[in-house]
Amino acid sequence: MTGPLLALAPAAKGSDASDFGTSGLIKMPNARMASDGTLRATIAFDDAANLYNITFQALPRVQATFRYSIFNPRNLSSSRDIMRDRSYAIKAQLTEERGLRPAFAAGVRDILGTGVWEGEYFVASKKIGPLDLSLGLGWGRMGSRSAFTNPLEALSSRFKVRPSRRETGGEYGGEGRGASFFRGDASLFGGLAYRFSSLPLAFLAEYESDQYDREVQLNTLEEPSALNFALAWQPISNTVLRLSWLRGDTLGITLSSQVETKRTSP
């Protein structure tokens, strides 16, 4: 029985799904990709929002995600958040890791619609033994914590100001958000994943650049910390269960499972 199960994803490449479905750390993305043709389902439970993701490695270097979000899933009496949202994300790997050069990727977390999760990023990842280190630059929600002037202003002044969510995406969503991509202030994010060689476990830690202004304004969260920590257990090569300590006050649970569609199913 073990052999056929492991045959679904023998290398478990790209099994490091973030809560947003794309390959990443806990909430933040990294520059990693899954094997070409990998189909992955990820469910993440959190006080701020429950996230249901379907991610497909459409090309060797392109990963696409469809997401459904239920905000304030615990129906906290203090919160005014009743949002239910569909969003689409895409990530492209620009360079693979080779020698001293890290892998490098760019992505958009909310391509069209309401933009409730809007954010864009560049991120680099480098493995050093059992450590996988990532450092990125984010915009939108991913550029809201300790923000600084957009470095892309050096290329064009149009990157200086970011339109509001209501100015792009359409009044009720459904339209592209390209007018806001990589615009406005930016922030740094990063983290690490340490994989134990003798156990199917990984420890993750990250600095999150989203400071959840929307959820604070709606009284769902109070002064969220930037630090997240997690322990991920991979009982079989295509499934990961992760327990996370989020924003300094919340326990999160994430379940991810994937299948490599280019391989023959048992």
# chains A, B, ... in the order shown; residues from 1 in each chain; ligands from 1
$ closest_atom_pairs --of "range 112-196 of chain A" --to "range 211-215 of chain A" --cutoff "9 Å" --atoms "only C-alpha atoms" --output "CSV"
residue,atom,partner,partner_atom,distance
A:Val116,CA,A:Arg214,CA,8.6
A:Arg141,CA,A:Tyr212,CA,7.4
A:Met142,CA,A:Gln211,CA,8.0
A:Gly143,CA,A:Gln211,CA,8.6
A:Ser144,CA,A:Gln211,CA,6.0
A:Arg145,CA,A:Gln211,CA,5.2
A:Ser146,CA,A:Gln211,CA,8.8
$ write_last_selection --atoms "all heavy atoms" --output "PDB file, in the first residue's frame"
ATOM      1  N   VAL A 116      -9.778  42.093  -2.321  1.00  0.00           N
ATOM      2  CA  VAL A 116      -9.698  42.057  -0.863  1.00  0.00           C
ATOM      3  C   VAL A 116      -8.366  41.484  -0.383  1.00  0.00           C
ATOM      4  O   VAL A 116      -7.889  41.827   0.694  1.00  0.00           O
ATOM      5  CB  VAL A 116     -10.895  41.263  -0.285  1.00  0.00           C
ATOM      6  CG1 VAL A 116     -10.799  39.787  -0.608  1.00  0.00           C
ATOM      7  CG2 VAL A 116     -11.025  41.492   1.214  1.00  0.00           C
ATOM      8  N   ARG A 141      -1.508  44.774  -0.022  1.00  0.00           N
ATOM      9  CA  ARG A 141      -1.567  44.287   1.352  1.00  0.00           C
ATOM     10  C   ARG A 141      -0.213  43.739   1.789  1.00  0.00           C
ATOM     11  O   ARG A 141       0.153  43.822   2.966  1.00  0.00           O
ATOM     12  CB  ARG A 141      -2.636  43.205   1.492  1.00  0.00           C
ATOM     13  CG  ARG A 141      -4.052  43.726   1.466  1.00  0.00           C
ATOM     14  CD  ARG A 141      -5.068  42.672   1.851  1.00  0.00           C
ATOM     15  NE  ARG A 141      -4.811  42.092   3.155  1.00  0.00           N
ATOM     16  CZ  ARG A 141      -5.771  41.692   4.001  1.00  0.00           C
ATOM     17  NH1 ARG A 141      -7.039  41.820   3.665  1.00  0.00           N
ATOM     18  NH2 ARG A 141      -5.471  41.156   5.151  1.00  0.00           N
ATOM     19  N   MET A 142       0.534  43.207   0.840  1.00  0.00           N
ATOM     20  CA  MET A 142       1.841  42.655   1.155  1.00  0.00           C
ATOM     21  C   MET A 142       2.907  43.743   1.265  1.00  0.00           C
ATOM     22  O   MET A 142       4.079  43.443   1.509  1.00  0.00           O
ATOM     23  CB  MET A 142       2.241  41.631   0.089  1.00  0.00           C
ATOM     24  CG  MET A 142       1.258  40.478  -0.009  1.00  0.00           C
ATOM     25  SD  MET A 142       1.583  39.373  -1.398  1.00  0.00           S
ATOM     26  CE  MET A 142       3.051  38.550  -0.804  1.00  0.00           C
ATOM     27  N   GLY A 143       2.478  44.989   1.125  1.00  0.00           N
ATOM     28  CA  GLY A 143       3.390  46.112   1.288  1.00  0.00           C
ATOM     29  C   GLY A 143       2.873  47.101   2.310  1.00  0.00           C
ATOM     30  O   GLY A 143       3.148  48.297   2.215  1.00  0.00           O
ATOM     31  N   SER A 144       2.130  46.606   3.307  1.00  0.00           N
ATOM     32  CA  SER A 144       1.475  47.503   4.254  1.00  0.00           C
ATOM     33  C   SER A 144       2.182  47.613   5.610  1.00  0.00           C
ATOM     34  O   SER A 144       1.908  48.525   6.376  1.00  0.00           O
ATOM     35  CB  SER A 144       0.030  47.039   4.492  1.00  0.00           C
ATOM     36  OG  SER A 144      -0.014  45.702   4.985  1.00  0.00           O
ATOM     37  N   ARG A 145       3.092  46.708   5.930  1.00  0.00           N
ATOM     38  CA  ARG A 145       3.761  46.743   7.237  1.00  0.00           C
ATOM     39  C   ARG A 145       5.158  47.365   7.093  1.00  0.00           C
ATOM     40  O   ARG A 145       5.961  46.913   6.283  1.00  0.00           O
ATOM     41  CB  ARG A 145       3.884  45.332   7.823  1.00  0.00           C
ATOM     42  CG  ARG A 145       4.409  45.312   9.255  1.00  0.00           C
ATOM     43  CD  ARG A 145       4.599  43.891   9.745  1.00  0.00           C
ATOM     44  NE  ARG A 145       3.354  43.162   9.818  1.00  0.00           N
ATOM     45  CZ  ARG A 145       2.526  43.184  10.858  1.00  0.00           C
ATOM     46  NH1 ARG A 145       2.821  43.931  11.908  1.00  0.00           N
ATOM     47  NH2 ARG A 145       1.414  42.471  10.841  1.00  0.00           N
ATOM     48  N   SER A 146       5.423  48.387   7.918  1.00  0.00           N
ATOM     49  CA  SER A 146       6.722  49.087   7.858  1.00  0.00           C
ATOM     50  C   SER A 146       7.048  49.471   6.422  1.00  0.00           C
ATOM     51  O   SER A 146       8.164  49.228   5.925  1.00  0.00           O
ATOM     52  CB  SER A 146       7.828  48.217   8.452  1.00  0.00           C
ATOM     53  OG  SER A 146       7.545  47.878   9.791  1.00  0.00           O
TER      54      SER A 146
END
$ residues_around --residues "Asp210 in chain A" --least-positions-apart "2" --cutoff "12 Å" --atoms "only C-alpha atoms" --output "PDB file with N, CA and C atoms, in the first residue's frame"
ATOM      1  N   LYS A  27       2.089  32.173   5.465  1.00  0.00           N
ATOM      2  CA  LYS A  27       1.222  33.094   4.723  1.00  0.00           C
ATOM      3  C   LYS A  27       1.924  33.667   3.492  1.00  0.00           C
ATOM      4  N   MET A  28       3.236  33.773   3.562  1.00  0.00           N
ATOM      5  CA  MET A  28       4.024  34.413   2.525  1.00  0.00           C
ATOM      6  C   MET A  28       4.482  33.418   1.462  1.00  0.00           C
ATOM      7  N   TRP A 117      -7.728  40.626  -1.189  1.00  0.00           N
ATOM      8  CA  TRP A 117      -6.413  40.083  -0.837  1.00  0.00           C
ATOM      9  C   TRP A 117      -5.309  40.687  -1.713  1.00  0.00           C
ATOM     10  N   GLU A 118      -5.564  41.802  -2.371  1.00  0.00           N
ATOM     11  CA  GLU A 118      -4.651  42.323  -3.386  1.00  0.00           C
ATOM     12  C   GLU A 118      -3.210  42.425  -2.892  1.00  0.00           C
ATOM     13  N   GLY A 119      -2.288  42.008  -3.741  1.00  0.00           N
ATOM     14  CA  GLY A 119      -0.871  42.084  -3.409  1.00  0.00           C
ATOM     15  C   GLY A 119      -0.020  41.505  -4.527  1.00  0.00           C
ATOM     16  N   GLU A 120       1.138  42.092  -4.720  1.00  0.00           N
ATOM     17  CA  GLU A 120       2.085  41.617  -5.710  1.00  0.00           C
ATOM     18  C   GLU A 120       3.445  41.487  -5.027  1.00  0.00           C
ATOM     19  N   TYR A 121       4.339  40.716  -5.638  1.00  0.00           N
ATOM     20  CA  TYR A 121       5.614  40.478  -4.967  1.00  0.00           C
ATOM     21  C   TYR A 121       6.688  39.982  -5.928  1.00  0.00           C
ATOM     22  N   LEU A 137       9.892  41.186  -1.643  1.00  0.00           N
ATOM     23  CA  LEU A 137       9.426  42.569  -1.635  1.00  0.00           C
ATOM     24  C   LEU A 137       7.978  42.558  -2.096  1.00  0.00           C
ATOM     25  N   GLY A 138       7.075  43.137  -1.278  1.00  0.00           N
ATOM     26  CA  GLY A 138       5.655  43.075  -1.581  1.00  0.00           C
ATOM     27  C   GLY A 138       5.001  44.439  -1.722  1.00  0.00           C
ATOM     28  N   TRP A 139       3.863  44.461  -2.445  1.00  0.00           N
ATOM     29  CA  TRP A 139       3.052  45.660  -2.638  1.00  0.00           C
ATOM     30  C   TRP A 139       1.608  45.351  -2.243  1.00  0.00           C
ATOM     31  N   GLY A 140       0.763  46.370  -2.201  1.00  0.00           N
ATOM     32  CA  GLY A 140      -0.627  46.164  -1.808  1.00  0.00           C
ATOM     33  C   GLY A 140      -0.695  45.761  -0.342  1.00  0.00           C
ATOM     34  N   ARG A 141      -1.508  44.774  -0.022  1.00  0.00           N
ATOM     35  CA  ARG A 141      -1.567  44.287   1.352  1.00  0.00           C
ATOM     36  C   ARG A 141      -0.213  43.739   1.789  1.00  0.00           C
ATOM     37  N   MET A 142       0.534  43.207   0.840  1.00  0.00           N
ATOM     38  CA  MET A 142       1.841  42.655   1.155  1.00  0.00           C
ATOM     39  C   MET A 142       2.907  43.743   1.265  1.00  0.00           C
ATOM     40  N   GLY A 143       2.478  44.989   1.125  1.00  0.00           N
ATOM     41  CA  GLY A 143       3.390  46.112   1.288  1.00  0.00           C
ATOM     42  C   GLY A 143       2.873  47.101   2.310  1.00  0.00           C
ATOM     43  N   SER A 144       2.130  46.606   3.307  1.00  0.00           N
ATOM     44  CA  SER A 144       1.475  47.503   4.254  1.00  0.00           C
ATOM     45  C   SER A 144       2.182  47.613   5.610  1.00  0.00           C
ATOM     46  N   ARG A 145       3.092  46.708   5.930  1.00  0.00           N
ATOM     47  CA  ARG A 145       3.761  46.743   7.237  1.00  0.00           C
ATOM     48  C   ARG A 145       5.158  47.365   7.093  1.00  0.00           C
ATOM     49  N   SER A 146       5.423  48.387   7.918  1.00  0.00           N
ATOM     50  CA  SER A 146       6.722  49.087   7.858  1.00  0.00           C
ATOM     51  C   SER A 146       7.048  49.471   6.422  1.00  0.00           C
ATOM     52  N   ALA A 147       6.074  50.061   5.745  1.00  0.00           N
ATOM     53  CA  ALA A 147       6.205  50.358   4.316  1.00  0.00           C
ATOM     54  C   ALA A 147       7.206  51.479   4.054  1.00  0.00           C
ATOM     55  N   ALA A 186       5.981  49.824  -0.622  1.00  0.00           N
ATOM     56  CA  ALA A 186       6.424  48.432  -0.618  1.00  0.00           C
ATOM     57  C   ALA A 186       6.933  48.056   0.770  1.00  0.00           C
ATOM     58  N   SER A 187       7.014  46.741   1.028  1.00  0.00           N
ATOM     59  CA  SER A 187       7.525  46.218   2.296  1.00  0.00           C
ATOM     60  C   SER A 187       8.330  44.957   2.042  1.00  0.00           C
ATOM     61  N   LEU A 188       9.222  44.663   2.964  1.00  0.00           N
ATOM     62  CA  LEU A 188       9.998  43.434   2.913  1.00  0.00           C
ATOM     63  C   LEU A 188       9.299  42.326   3.692  1.00  0.00           C
ATOM     64  N   PHE A 189       9.442  41.096   3.224  1.00  0.00           N
ATOM     65  CA  PHE A 189       8.980  39.933   3.974  1.00  0.00           C
ATOM     66  C   PHE A 189      10.007  38.816   3.791  1.00  0.00           C
ATOM     67  N   GLY A 190       9.911  37.814   4.618  1.00  0.00           N
ATOM     68  CA  GLY A 190      10.859  36.710   4.478  1.00  0.00           C
ATOM     69  C   GLY A 190      10.667  35.663   5.542  1.00  0.00           C
ATOM     70  N   GLU A 206       8.333  32.996   9.739  1.00  0.00           N
ATOM     71  CA  GLU A 206       8.292  34.048   8.720  1.00  0.00           C
ATOM     72  C   GLU A 206       7.979  35.398   9.336  1.00  0.00           C
ATOM     73  N   TYR A 207       8.393  36.432   8.631  1.00  0.00           N
ATOM     74  CA  TYR A 207       8.003  37.808   8.908  1.00  0.00           C
ATOM     75  C   TYR A 207       6.992  38.184   7.845  1.00  0.00           C
ATOM     76  N   GLU A 208       5.753  38.473   8.256  1.00  0.00           N
ATOM     77  CA  GLU A 208       4.655  38.734   7.321  1.00  0.00           C
ATOM     78  C   GLU A 208       4.506  40.225   7.082  1.00  0.00           C
ATOM     79  N   TYR A 212      -2.782  43.533   7.997  1.00  0.00           N
ATOM     80  CA  TYR A 212      -4.210  43.268   8.187  1.00  0.00           C
ATOM     81  C   TYR A 212      -4.998  44.517   8.589  1.00  0.00           C
ATOM     82  N   ASP A 213      -4.744  45.623   7.894  1.00  0.00           N
ATOM     83  CA  ASP A 213      -5.464  46.864   8.210  1.00  0.00           C
ATOM     84  C   ASP A 213      -6.973  46.688   8.093  1.00  0.00           C
ATOM     85  N   ARG A 214      -7.416  45.997   7.061  1.00  0.00           N
ATOM     86  CA  ARG A 214      -8.857  45.793   6.852  1.00  0.00           C
ATOM     87  C   ARG A 214      -9.478  45.042   8.018  1.00  0.00           C
ATOM     88  N   GLU A 215      -8.846  43.949   8.446  1.00  0.00           N
ATOM     89  CA  GLU A 215      -9.404  43.131   9.516  1.00  0.00           C
ATOM     90  C   GLU A 215      -9.342  43.843  10.865  1.00  0.00           C
ATOM     91  N   VAL A 216      -8.358  44.701  11.061  1.00  0.00           N
ATOM     92  CA  VAL A 216      -8.295  45.501  12.292  1.00  0.00           C
ATOM     93  C   VAL A 216      -9.420  46.527  12.304  1.00  0.00           C
ATOM     94  N   GLU A 223      -4.077  44.483  16.635  1.00  0.00           N
ATOM     95  CA  GLU A 223      -2.624  44.635  16.614  1.00  0.00           C
ATOM     96  C   GLU A 223      -1.896  43.335  16.281  1.00  0.00           C
ATOM     97  N   PRO A 224      -2.119  42.777  15.104  1.00  0.00           N
ATOM     98  CA  PRO A 224      -1.477  41.510  14.737  1.00  0.00           C
ATOM     99  C   PRO A 224       0.036  41.631  14.631  1.00  0.00           C
ATOM    100  N   SER A 225       0.729  40.671  15.209  1.00  0.00           N
ATOM    101  CA  SER A 225       2.184  40.612  15.118  1.00  0.00           C
ATOM    102  C   SER A 225       2.598  40.243  13.699  1.00  0.00           C
ATOM    103  N   ALA A 226       3.834  40.568  13.347  1.00  0.00           N
ATOM    104  CA  ALA A 226       4.353  40.237  12.022  1.00  0.00           C
ATOM    105  C   ALA A 226       4.930  38.825  11.960  1.00  0.00           C
ATOM    106  N   LEU A 227       5.068  38.150  13.100  1.00  0.00           N
ATOM    107  CA  LEU A 227       5.750  36.864  13.144  1.00  0.00           C
ATOM    108  C   LEU A 227       4.780  35.697  13.171  1.00  0.00           C
ATOM    109  N   ASN A 228       5.028  34.717  12.330  1.00  0.00           N
ATOM    110  CA  ASN A 228       4.265  33.466  12.290  1.00  0.00           C
ATOM    111  C   ASN A 228       5.234  32.290  12.412  1.00  0.00           C
ATOM    112  N   ARG A 247       0.375  35.517  14.056  1.00  0.00           N
ATOM    113  CA  ARG A 247       0.208  36.910  14.508  1.00  0.00           C
ATOM    114  C   ARG A 247       0.297  37.072  16.019  1.00  0.00           C
TER     115      ARG A 247
END
$ select_by_dssp --residues "range 7-231 of chain A" --states "strand (DSSP E)" --output "number ranges by chain"
A: 38-45, 49-59, 62-71, 84-95, 103-108, 119-128, 131-140, 186-195, 201-207, 227-231
$ closest_residue --among "A:Ile43, A:Leu246, A:Ala179, A:Val108" --to "Leu204 in chain A" --atoms "only C-alpha atoms"
A:Leu246
$ atom_distance --atom1 "CA of Asp16 in chain A" --atom2 "CA of Gly178 in chain A"
27.9 Å
